[in-house]
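Peer 1: work.pdb (PDB, C-alpha atoms (C1' of nucleotides)) pasted underneath:
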ATOM      1  CA  MET A   1     -32.133 -67.158 -61.818
ATOM      2  CA  ALA A   2     -30.896 -70.677 -61.900
ATOM      3  CA  ALA A   3     -31.519 -72.506 -58.713
ATOM      4  CA  LYS A   4     -28.422 -73.551 -56.923
ATOM      5  CA  ARG A   5     -27.736 -77.201 -57.039
ATOM      6  CA  LYS A   6     -25.888 -78.047 -53.930
ATOM      7  CA  LEU A   7     -25.578 -81.634 -54.923
ATOM      8  CA  PRO A   8     -21.906 -82.316 -55.508
ATOM      9  CA  GLU A   9     -21.037 -82.878 -59.148
ATOM     10  CA  MET A  10     -24.554 -83.659 -60.152
ATOM     11  CA  CYS A  11     -24.448 -81.472 -63.176
ATOM     12  CA  CYS A  12     -21.223 -82.230 -64.906
ATOM     13  CA  ASP A  13     -19.875 -85.555 -65.948
ATOM     14  CA  VAL A  14     -16.271 -85.731 -64.856
ATOM     15  CA  SER A  15     -15.158 -88.793 -66.745
ATOM     16  CA  PRO A  16     -12.051 -88.192 -68.821
ATOM     17  CA  VAL A  17     -12.564 -86.524 -72.111
ATOM     18  CA  LYS A  18     -11.613 -88.659 -75.040
ATOM     19  CA  LEU A  19     -12.890 -87.484 -78.335
ATOM     20  CA  PRO A  20     -11.595 -89.374 -81.357
ATOM     21  CA  PRO A  21     -10.248 -87.065 -84.027
ATOM     22  CA  ASP A  22     -13.527 -87.336 -85.743
ATOM     23  CA  GLU A  23     -13.138 -87.389 -89.420
ATOM     24  CA  THR A  24     -16.853 -87.641 -89.827
ATOM     25  CA  ALA A  25     -17.203 -84.337 -88.058
ATOM     26  CA  GLU A  26     -15.571 -82.745 -91.048
ATOM     27  CA  THR A  27     -17.824 -84.595 -93.434
ATOM     28  CA  LEU A  28     -20.950 -83.777 -91.521
ATOM     29  CA  ALA A  29     -19.981 -80.147 -91.252
ATOM     30  CA  GLU A  30     -19.316 -80.043 -94.946
ATOM     31  CA  LEU A  31     -22.668 -81.528 -95.835
ATOM     32  CA  ALA A  32     -24.507 -79.452 -93.289
ATOM     33  CA  TRP A  33     -22.903 -76.357 -94.640
ATOM     34  CA  ALA A  34     -24.151 -77.165 -98.106
ATOM     35  CA  MET A  35     -27.674 -77.105 -96.686
ATOM     36  CA  ALA A  36     -27.035 -74.049 -94.583
ATOM     37  CA  HIS A  37     -28.767 -71.651 -96.911
ATOM     38  CA  PRO A  38     -32.495 -71.492 -97.619
ATOM     39  CA  ALA A  39     -31.932 -71.224-101.348
ATOM     40  CA  ARG A  40     -29.871 -74.382-101.359
ATOM     41  CA  VAL A  41     -32.444 -76.212 -99.297
ATOM     42  CA  ARG A  42     -35.067 -75.224-101.806
ATOM     43  CA  ILE A  43     -32.948 -76.316-104.709
ATOM     44  CA  VAL A  44     -32.422 -79.731-103.172
ATOM     45  CA  ARG A  45     -36.112 -80.071-102.466
ATOM     46  CA  LEU A  46     -36.973 -79.023-105.971
ATOM     47  CA  LEU A  47     -34.676 -81.642-107.418
ATOM     48  CA  LEU A  48     -36.194 -84.252-105.163
ATOM     49  CA  ASN A  49     -39.761 -83.386-106.039
ATOM     50  CA  ARG A  50     -39.318 -83.711-109.734
ATOM     51  CA  LYS A  51     -37.009 -86.626-109.663
ATOM     52  CA  ALA A  52     -35.731 -85.775-113.070
ATOM     53  CA  CYS A  53     -33.115 -83.138-113.491
ATOM     54  CA  VAL A  54     -34.064 -79.539-113.941
ATOM     55  CA  CYS A  55     -32.025 -76.881-115.569
ATOM     56  CA  GLY A  56     -32.617 -73.161-115.542
ATOM     57  CA  GLU A  57     -36.046 -73.611-114.136
ATOM     58  CA  ILE A  58     -34.306 -73.487-110.809
ATOM     59  CA  VAL A  59     -33.506 -69.889-111.520
ATOM     60  CA  ASP A  60     -37.146 -69.142-112.214
ATOM     61  CA  SER A  61     -38.238 -70.798-109.013
ATOM     62  CA  LEU A  62     -36.030 -68.646-106.841
ATOM     63  CA  PRO A  63     -36.044 -64.911-106.244
ATOM     64  CA  LEU A  64     -32.374 -64.667-107.063
ATOM     65  CA  ALA A  65     -30.280 -63.632-110.010
ATOM     66  CA  GLN A  66     -29.081 -66.286-112.393
ATOM     67  CA  SER A  67     -25.483 -65.852-111.365
ATOM     68  CA  THR A  68     -26.354 -66.224-107.727
ATOM     69  CA  VAL A  69     -28.262 -69.412-108.354
ATOM     70  CA  SER A  70     -25.321 -70.686-110.315
ATOM     71  CA  GLN A  71     -23.129 -70.072-107.301
ATOM     72  CA  HIS A  72     -25.433 -72.063-105.085
ATOM     73  CA  LEU A  73     -25.521 -74.863-107.611
ATOM     74  CA  LYS A  74     -21.758 -74.873-107.643
ATOM     75  CA  ILE A  75     -21.643 -75.160-103.883
ATOM     76  CA  LEU A  76     -24.113 -78.020-103.904
ATOM     77  CA  LYS A  77     -22.176 -79.704-106.655
ATOM     78  CA  GLN A  78     -18.930 -79.360-104.752
ATOM     79  CA  SER A  79     -20.535 -80.910-101.710
ATOM     80  CA  GLY A  80     -21.485 -83.864-103.844
ATOM     81  CA  LEU A  81     -25.156 -83.577-103.033
ATOM     82  CA  ILE A  82     -26.109 -82.854-106.607
ATOM     83  CA  GLN A  83     -24.589 -83.381-109.989
ATOM     84  CA  GLY A  84     -25.035 -81.625-113.289
ATOM     85  CA  ASP A  85     -25.066 -83.184-116.709
ATOM     86  CA  VAL A  86     -24.588 -81.068-119.760
ATOM     87  CA  ASP A  87     -27.317 -81.564-122.316
ATOM     88  CA  GLY A  88     -26.772 -79.346-125.256
ATOM     89  CA  PRO A  89     -26.827 -75.738-124.182
ATOM     90  CA  LYS A  90     -28.631 -76.677-121.010
ATOM     91  CA  VAL A  91     -27.480 -78.371-117.852
ATOM     92  CA  CYS A  92     -29.623 -80.817-116.012
ATOM     93  CA  TYR A  93     -29.104 -81.132-112.310
ATOM     94  CA  CYS A  94     -30.136 -84.013-110.196
ATOM     95  CA  ILE A  95     -29.654 -85.338-106.728
ATOM     96  CA  ASN A  96     -26.764 -87.618-105.976
ATOM     97  CA  PRO A  97     -28.593 -90.139-103.793
ATOM     98  CA  PRO A  98     -25.599 -91.769-102.081
ATOM     99  CA  ARG A  99     -24.309 -88.471-100.864
ATOM    100  CA  LEU A 100     -27.720 -87.398 -99.630
ATOM    101  CA  GLN A 101     -27.949 -90.718 -97.867
ATOM    102  CA  GLU A 102     -24.689 -89.993 -96.157
ATOM    103  CA  LEU A 103     -26.020 -86.715 -94.871
ATOM    104  CA  LYS A 104     -29.152 -88.405 -93.603
ATOM    105  CA  ARG A 105     -27.173 -91.125 -91.929
ATOM    106  CA  LEU A 106     -24.768 -88.755 -90.230
ATOM    107  CA  ILE A 107     -27.578 -86.603 -88.895
ATOM    108  CA  ALA A 108     -29.714 -89.536 -87.868
ATOM    109  CA  SER A 109     -26.871 -91.091 -85.924
ATOM    110  CA  LEU A 110     -26.350 -88.034 -83.807
TER     111      LEU A 110
ATOM    112  CA  MET B   1     -26.763 -66.564 -93.880
ATOM    113  CA  ALA B   2     -29.352 -64.270 -95.251
ATOM    114  CA  ALA B   3     -31.701 -64.981 -92.389
ATOM    115  CA  LYS B   4     -30.491 -62.601 -89.771
ATOM    116  CA  ARG B   5     -32.182 -60.578 -87.125
ATOM    117  CA  LYS B   6     -32.532 -57.536 -89.267
ATOM    118  CA  LEU B   7     -36.023 -56.897 -88.056
ATOM    119  CA  PRO B   8     -37.387 -53.576 -89.176
ATOM    120  CA  GLU B   9     -37.781 -51.777 -85.874
ATOM    121  CA  MET B  10     -40.255 -49.590 -87.699
ATOM    122  CA  CYS B  11     -43.347 -48.177 -86.124
ATOM    123  CA  CYS B  12     -45.407 -48.927 -89.168
ATOM    124  CA  ASP B  13     -46.848 -52.235 -90.073
ATOM    125  CA  VAL B  14     -44.636 -53.837 -92.622
ATOM    126  CA  SER B  15     -46.837 -56.787 -93.318
ATOM    127  CA  PRO B  16     -44.757 -59.395 -94.993
ATOM    128  CA  VAL B  17     -46.177 -59.673 -98.449
ATOM    129  CA  LYS B  18     -43.903 -62.571 -98.998
ATOM    130  CA  LEU B  19     -45.146 -65.159 -96.609
ATOM    131  CA  PRO B  20     -42.458 -67.742 -96.251
ATOM    132  CA  PRO B  21     -42.588 -69.686 -99.474
ATOM    133  CA  ASP B  22     -41.039 -72.379 -97.439
ATOM    134  CA  GLU B  23     -40.718 -71.666 -93.816
ATOM    135  CA  THR B  24     -39.148 -74.996 -93.149
ATOM    136  CA  ALA B  25     -36.418 -74.172 -95.617
ATOM    137  CA  GLU B  26     -35.407 -71.338 -93.346
ATOM    138  CA  THR B  27     -35.563 -73.539 -90.302
ATOM    139  CA  LEU B  28     -33.613 -76.322 -91.885
ATOM    140  CA  ALA B  29     -31.007 -73.921 -93.169
ATOM    141  CA  GLU B  30     -30.691 -72.406 -89.728
ATOM    142  CA  LEU B  31     -30.219 -75.737 -88.032
ATOM    143  CA  ALA B  32     -27.906 -77.012 -90.722
ATOM    144  CA  TRP B  33     -25.854 -73.892 -90.384
ATOM    145  CA  ALA B  34     -25.423 -74.511 -86.683
ATOM    146  CA  MET B  35     -23.864 -77.855 -87.566
ATOM    147  CA  ALA B  36     -21.842 -76.455 -90.415
ATOM    148  CA  HIS B  37     -18.579 -76.306 -88.537
ATOM    149  CA  PRO B  38     -16.521 -79.269 -87.363
ATOM    150  CA  ALA B  39     -16.021 -77.779 -83.940
ATOM    151  CA  ARG B  40     -19.751 -77.415 -83.441
ATOM    152  CA  VAL B  41     -20.370 -80.946 -84.626
ATOM    153  CA  ARG B  42     -17.861 -82.195 -82.108
ATOM    154  CA  ILE B  43     -19.418 -80.168 -79.339
ATOM    155  CA  VAL B  44     -22.835 -81.603 -80.060
ATOM    156  CA  ARG B  45     -21.445 -85.106 -80.167
ATOM    157  CA  LEU B  46     -19.594 -84.564 -76.929
ATOM    158  CA  LEU B  47     -22.768 -83.412 -75.233
ATOM    159  CA  LEU B  48     -24.603 -86.433 -76.575
ATOM    160  CA  ASN B  49     -21.990 -88.914 -75.472
ATOM    161  CA  ARG B  50     -22.022 -87.830 -71.905
ATOM    162  CA  LYS B  51     -25.677 -87.137 -71.630
ATOM    163  CA  ALA B  52     -25.049 -84.764 -68.810
ATOM    164  CA  CYS B  53     -23.852 -81.261 -69.361
ATOM    165  CA  VAL B  54     -20.226 -80.382 -69.655
ATOM    166  CA  CYS B  55     -18.652 -77.045 -68.972
ATOM    167  CA  GLY B  56     -15.186 -75.860 -69.822
ATOM    168  CA  GLU B  57     -14.058 -79.355 -70.568
ATOM    169  CA  ILE B  58     -15.363 -78.627 -73.998
ATOM    170  CA  VAL B  59     -12.546 -76.157 -74.332
ATOM    171  CA  ASP B  60     -10.010 -78.791 -73.353
ATOM    172  CA  SER B  61     -11.397 -81.246 -75.858
ATOM    173  CA  LEU B  62     -10.977 -78.885 -78.766
ATOM    174  CA  PRO B  63      -7.841 -77.350 -80.233
ATOM    175  CA  LEU B  64      -9.303 -73.890 -79.984
ATOM    176  CA  ALA B  65      -8.993 -70.936 -77.694
ATOM    177  CA  GLN B  66     -11.513 -70.515 -74.927
ATOM    178  CA  SER B  67     -13.032 -67.456 -76.521
ATOM    179  CA  THR B  68     -13.476 -69.248 -79.806
ATOM    180  CA  VAL B  69     -15.210 -72.172 -78.168
ATOM    181  CA  SER B  70     -17.438 -69.743 -76.365
ATOM    182  CA  GLN B  71     -18.439 -68.270 -79.699
ATOM    183  CA  HIS B  72     -19.362 -71.683 -81.028
ATOM    184  CA  LEU B  73     -21.340 -72.428 -77.901
ATOM    185  CA  LYS B  74     -23.188 -69.184 -78.362
ATOM    186  CA  ILE B  75     -24.058 -70.088 -81.924
ATOM    187  CA  LEU B  76     -25.305 -73.503 -80.885
ATOM    188  CA  LYS B  77     -27.306 -71.958 -78.088
ATOM    189  CA  GLN B  78     -28.873 -69.448 -80.434
ATOM    190  CA  SER B  79     -29.874 -72.237 -82.777
ATOM    191  CA  GLY B  80     -31.642 -73.876 -79.884
ATOM    192  CA  LEU B  81     -29.718 -77.102 -80.230
ATOM    193  CA  ILE B  82     -28.079 -76.760 -76.846
ATOM    194  CA  GLN B  83     -28.736 -74.912 -73.669
ATOM    195  CA  GLY B  84     -26.501 -73.759 -70.864
ATOM    196  CA  ASP B  85     -27.261 -73.680 -67.176
ATOM    197  CA  VAL B  86     -25.189 -71.645 -64.796
ATOM    198  CA  ASP B  87     -23.944 -73.694 -61.905
ATOM    199  CA  GLY B  88     -21.833 -71.619 -59.637
ATOM    200  CA  PRO B  89     -18.851 -70.275 -61.500
ATOM    201  CA  LYS B  90     -19.284 -72.920 -64.165
ATOM    202  CA  VAL B  91     -21.767 -73.349 -66.947
ATOM    203  CA  CYS B  92     -23.126 -76.718 -67.868
ATOM    204  CA  TYR B  93     -24.256 -77.258 -71.403
ATOM    205  CA  CYS B  94     -26.561 -79.941 -72.598
ATOM    206  CA  ILE B  95     -28.476 -80.916 -75.666
ATOM    207  CA  ASN B  96     -31.978 -79.618 -76.229
ATOM    208  CA  PRO B  97     -33.567 -82.829 -77.478
ATOM    209  CA  PRO B  98     -36.687 -81.379 -79.136
ATOM    210  CA  ARG B  99     -34.654 -79.080 -81.282
ATOM    211  CA  LEU B 100     -32.277 -81.834 -82.262
ATOM    212  CA  GLN B 101     -35.268 -83.939 -83.134
ATOM    213  CA  GLU B 102     -36.485 -81.196 -85.398
ATOM    214  CA  LEU B 103     -33.193 -81.192 -87.244
ATOM    215  CA  LYS B 104     -33.312 -84.946 -87.619
ATOM    216  CA  ARG B 105     -36.863 -84.857 -88.851
ATOM    217  CA  LEU B 106     -36.224 -82.133 -91.388
ATOM    218  CA  ILE B 107     -33.213 -83.903 -92.785
ATOM    219  CA  ALA B 108     -34.840 -87.302 -92.782
ATOM    220  CA  SER B 109     -37.838 -86.015 -94.678
ATOM    221  CA  LEU B 110     -35.778 -84.694 -97.520
TER     222      LEU B 110
ATOM    223  C1'  DA C   1     -20.442 -67.849-139.807
ATOM    224  C1'  DT C   2     -23.641 -65.593-136.990
ATOM    225  C1'  DC C   3     -27.398 -65.305-133.787
ATOM    226  C1'  DG C   4     -29.989 -66.393-129.685
ATOM    227  C1'  DT C   5     -30.261 -69.192-125.682
ATOM    228  C1'  DT C   6     -28.349 -71.113-121.629
ATOM    229  C1'  DT C   7     -25.051 -71.424-118.097
ATOM    230  C1'  DA C   8     -20.588 -70.524-115.875
ATOM    231  C1'  DT C   9     -17.290 -67.321-114.457
ATOM    232  C1'  DC C  10     -15.322 -62.690-113.343
ATOM    233  C1'  DG C  11     -15.142 -58.692-110.640
ATOM    234  C1'  DT C  12     -16.928 -56.201-106.986
ATOM    235  C1'  DA C  13     -19.193 -54.593-102.722
ATOM    236  C1'  DG C  14     -20.973 -55.362 -98.295
ATOM    237  C1'  DA C  15     -21.900 -58.432 -94.649
ATOM    238  C1'  DT C  16     -20.696 -62.239 -91.894
ATOM    239  C1'  DT C  17     -17.484 -65.792 -89.828
ATOM    240  C1'  DA C  18     -13.720 -67.584 -87.390
ATOM    241  C1'  DA C  19      -9.955 -67.006 -84.866
ATOM    242  C1'  DC C  20      -7.240 -64.942 -81.251
ATOM    243  C1'  DG C  21      -5.683 -62.176 -77.095
ATOM    244  C1'  DA C  22      -7.219 -59.177 -73.676
ATOM    245  C1'  DT C  23     -10.620 -57.652 -70.706
ATOM    246  C1'  DT C  24     -14.712 -57.894 -67.849
ATOM    247  C1'  DG C  25     -18.021 -59.881 -64.598
ATOM    248  C1'  DG C  26     -19.679 -63.382 -61.351
ATOM    249  C1'  DA C  27     -19.189 -67.004 -57.772
ATOM    250  C1'  DG C  28     -16.690 -68.975 -54.101
ATOM    251  C1'  DG C  29     -12.882 -69.565 -50.947
ATOM    252  C1'  DG C  30      -9.632 -67.798 -47.741
TER     253       DG C  30
ATOM    254  C1'  DC D   1     -12.159 -57.631 -48.679
ATOM    255  C1'  DC D   2      -9.042 -59.789 -51.823
ATOM    256  C1'  DC D   3      -7.909 -63.375 -54.806
ATOM    257  C1'  DT D   4      -8.698 -67.097 -58.015
ATOM    258  C1'  DC D   5     -11.219 -69.508 -61.317
ATOM    259  C1'  DC D   6     -14.546 -69.776 -65.048
ATOM    260  C1'  DA D   7     -16.988 -68.071 -68.828
ATOM    261  C1'  DA D   8     -18.687 -64.347 -71.712
ATOM    262  C1'  DT D   9     -17.723 -60.361 -74.176
ATOM    263  C1'  DC D  10     -14.864 -56.819 -76.637
ATOM    264  C1'  DG D  11     -11.929 -55.482 -80.306
ATOM    265  C1'  DT D  12      -9.301 -56.804 -84.090
ATOM    266  C1'  DT D  13      -7.789 -59.201 -88.216
ATOM    267  C1'  DA D  14      -8.134 -62.149 -92.101
ATOM    268  C1'  DA D  15     -10.909 -64.972 -94.633
ATOM    269  C1'  DT D  16     -15.173 -66.353 -96.601
ATOM    270  C1'  DC D  17     -20.211 -65.748 -98.205
ATOM    271  C1'  DT D  18     -23.847 -63.684-100.671
ATOM    272  C1'  DA D  19     -25.484 -61.003-103.952
ATOM    273  C1'  DC D  20     -25.435 -58.639-108.277
ATOM    274  C1'  DG D  21     -24.342 -57.110-113.124
ATOM    275  C1'  DA D  22     -21.406 -57.888-116.839
ATOM    276  C1'  DT D  23     -18.984 -60.900-119.575
ATOM    277  C1'  DA D  24     -17.508 -65.210-121.632
ATOM    278  C1'  DA D  25     -18.191 -69.882-123.241
ATOM    279  C1'  DA D  26     -20.884 -73.674-125.274
ATOM    280  C1'  DC D  27     -24.439 -75.214-128.062
ATOM    281  C1'  DG D  28     -28.237 -75.560-131.591
ATOM    282  C1'  DA D  29     -30.471 -73.238-135.219
ATOM    283  C1'  DT D  30     -30.759 -70.118-139.012
TER     284       DT D  30
END
Would it be possible to restate this file's structure as structure tokens?
Peer 2:
Amino acid sequence: MAAKRKLPEMCCDVSPVKLPPDETAETLAELAWAMAHPARVRIVRLLLNRKACVCGEIVDSLPLAQSTVSQHLKILKQSGLIQGDVDGPKVCYCINPPRLQELKRLIASL
Amino acid sequence: MAAKRKLPEMCCDVSPVKLPPDETAETLAELAWAMAHPARVRIVRLLLNRKACVCGEIVDSLPLAQSTVSQHLKILKQSGLIQGDVDGPKVCYCINPPRLQELKRLIASL
DNA sequence: ATCGTTTATCGTAGATTAACGATTGGAGGG
DNA sequence: CCCTCCAATCGTTAATCTACGATAAACGAT
């Protein structure tokens, strides 16, 4: 059981609530959501480890069907965290550093 | 999220053959998912701004119904990012700094 | 032109989320 | 005891996610 604090208003801050219509909340949520799946985290890490772009090797490195991986890549691409360049029949994905930086900055400044 | 509490409940030992290929990927995804909604981002920020805990003021600061905010609070609590202490008829929420640190560390080390 | 490879998209099924109103339960005050 | 206030939970609906197989599209090579 929580002990009873009899101290008046010790727990809650009663100063007026003023929360700016945070546009960055949307951005942060968007970026966080892109990382909100283990497979996508692993994809991002894979692309960071080998700094060059990788193509269908991503599929081989994950226990998921090719179409599923493609979905995750699409989500990451839409978030701006990665980008894909067509190279013949293959597609090479790589990190989009500025966008990743933005995620890092938004999280770090929490 | 694939990572749910779908624990076997079996009597037999179901030793996980697949040891987490990347346990931190699960953790990061879990924490990122907790922040993957603008309302939850704003709640976390609100709790950080006034370092003390806030109760139902959170509801007033968001354009959402009380029950919806309660759901988001539950999600944040389950992620470990915040905690709630009952104080009389009210509940005061506050940040759980170690867990937030973990999120920051995992993102920063990407 | 056709084949094989690589990747994206379609269609689907099941699970999960987000939102709300309504209800319940607990704590305190009268 | 009754009543009010606060927060959590229930029950529902609509939307979205995740996963897969199957199919289509693009490309290089034969």
Peer 1: Tell me as a ChimeraX atom specification which residues belonging to chain D come within 7 Å of chain A, counting only C-alpha atoms (C1' of nucleotides).
Peer 2: /D:19,26-27
Peer 1: Extending 6 Å beyond the listed atoms of region 6-23 of chain C on each side, what axis-aligned box results? I want centre and edge lengths in Å to one decimal, as lines of an AutoDock Vina configuration file.
Peer 2:
center_x = -17.0
center_y = -63.0
center_z = -96.2
size_x = 34.7
size_y = 28.8
size_z = 62.9
Peer 1: For the PyMOL selection byres ((chain D and resi 10) around 12), applied here, can you spell out every residue it catches as a ChimeraX atom specification?
Peer 2: /B:67 /C:21-24 /D:8-9,11-12
Peer 1: To one decimal place in Å, what is the distance between C1' of DA7 (chain D) and C1' of DG26 (chain C)?
Peer 2: 9.2 Å
Peer 1: Can you turn the PyMOL selection byres ((chain A) within 6 of (chain B)) into a concrete residue list for this file, as a CSV table (one decimal) with C-alpha atoms, keeping the file's coordinate frame?
Peer 2:
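The result, stored in expr10.csv:
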chain,number,residue,atom,x,y,z
A,12,CYS,CA,-21.2,-82.2,-64.9
A,13,ASP,CA,-19.9,-85.6,-65.9
A,25,ALA,CA,-17.2,-84.3,-88.1
A,26,GLU,CA,-15.6,-82.7,-91.0
A,29,ALA,CA,-20.0,-80.1,-91.3
A,32,ALA,CA,-24.5,-79.5,-93.3
A,33,TRP,CA,-22.9,-76.4,-94.6
A,35,MET,CA,-27.7,-77.1,-96.7
A,36,ALA,CA,-27.0,-74.0,-94.6
A,37,HIS,CA,-28.8,-71.7,-96.9
A,38,PRO,CA,-32.5,-71.5,-97.6
A,41,VAL,CA,-32.4,-76.2,-99.3
A,104,LYS,CA,-29.2,-88.4,-93.6
A,108,ALA,CA,-29.7,-89.5,-87.9
Peer 1: Could you work out how far C1' of DA25 (chain D) lies from C1' of DA8 (chain C), giving the answer in Å with one decimal?
Peer 2: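 One can read the C1' of DA8 (chain C) to C1' of DA25 (chain D) distance as 7.8 Å.
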Peer 1: Within 12 Å of chain A, which residues of chain C show up? Give each one with its shortest atom-to-atom distance in Å (one decimal) and the two atoms involved, counting all atoms listed in the file, rows by chain then rising residue number, as CSV.
Peer 2:
residue,atom,partner,partner_atom,distance
C:DG4,C1',A:Pro89,CA,11.3
C:DT5,C1',A:Pro89,CA,7.5
C:DT6,C1',A:Pro89,CA,5.5
C:DT7,C1',A:Lys90,CA,7.0
C:DA8,C1',A:Ser70,CA,7.3
C:DT9,C1',A:Ser67,CA,8.9
C:DC10,C1',A:Ser67,CA,10.8
C:DA27,C1',A:Lys4,CA,11.4
Peer 1: For a test of reading the model, state the distance in Å between CA of Pro98 (chain A) and CA of Pro97 (chain B), rounded to one decimal.
Peer 2: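 Distance between the two atoms: 27.4 Å.
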Peer 1: Identify the residues around (-27.0, -69.4, -134.9) within a radius of 7 Å, measuring from all atoms listed in the file in the coordinates stated by the file, and give them as an NGL selection string.
Peer 2: (:C and (2-4)) or (:D and (29-30))
Peer 1: Mind writing the picked residues with C-alpha atoms (C1' of nucleotides) as a PDB file, in the coordinates of the input?
Peer 2:
ATOM      1  C1'  DT C   2     -23.641 -65.593-136.990  1.00  0.00           C
ATOM      2  C1'  DC C   3     -27.398 -65.305-133.787  1.00  0.00           C
ATOM      3  C1'  DG C   4     -29.989 -66.393-129.685  1.00  0.00           C
TER       4       DG C   4
ATOM      5  C1'  DA D  29     -30.471 -73.238-135.219  1.00  0.00           C
ATOM      6  C1'  DT D  30     -30.759 -70.118-139.012  1.00  0.00           C
TER       7       DT D  30
END
Peer 1: For the provided coordinates, the residues matched by the PyMOL selection byres ((chain D and resi 2) around 12) should be stated as a ChimeraX atom specification.
Peer 2: /C:29-30 /D:1,3-4
Peer 1: What residues have an atom no more than 8 Å from (-21.3, -62.5, -92.3) in the file's own frame, counting all atoms listed in the file, and can you write them as a PyMOL selection string?
Peer 2: (chain B and resi 1) or (chain C and resi 15-17) or (chain D and resi 17)
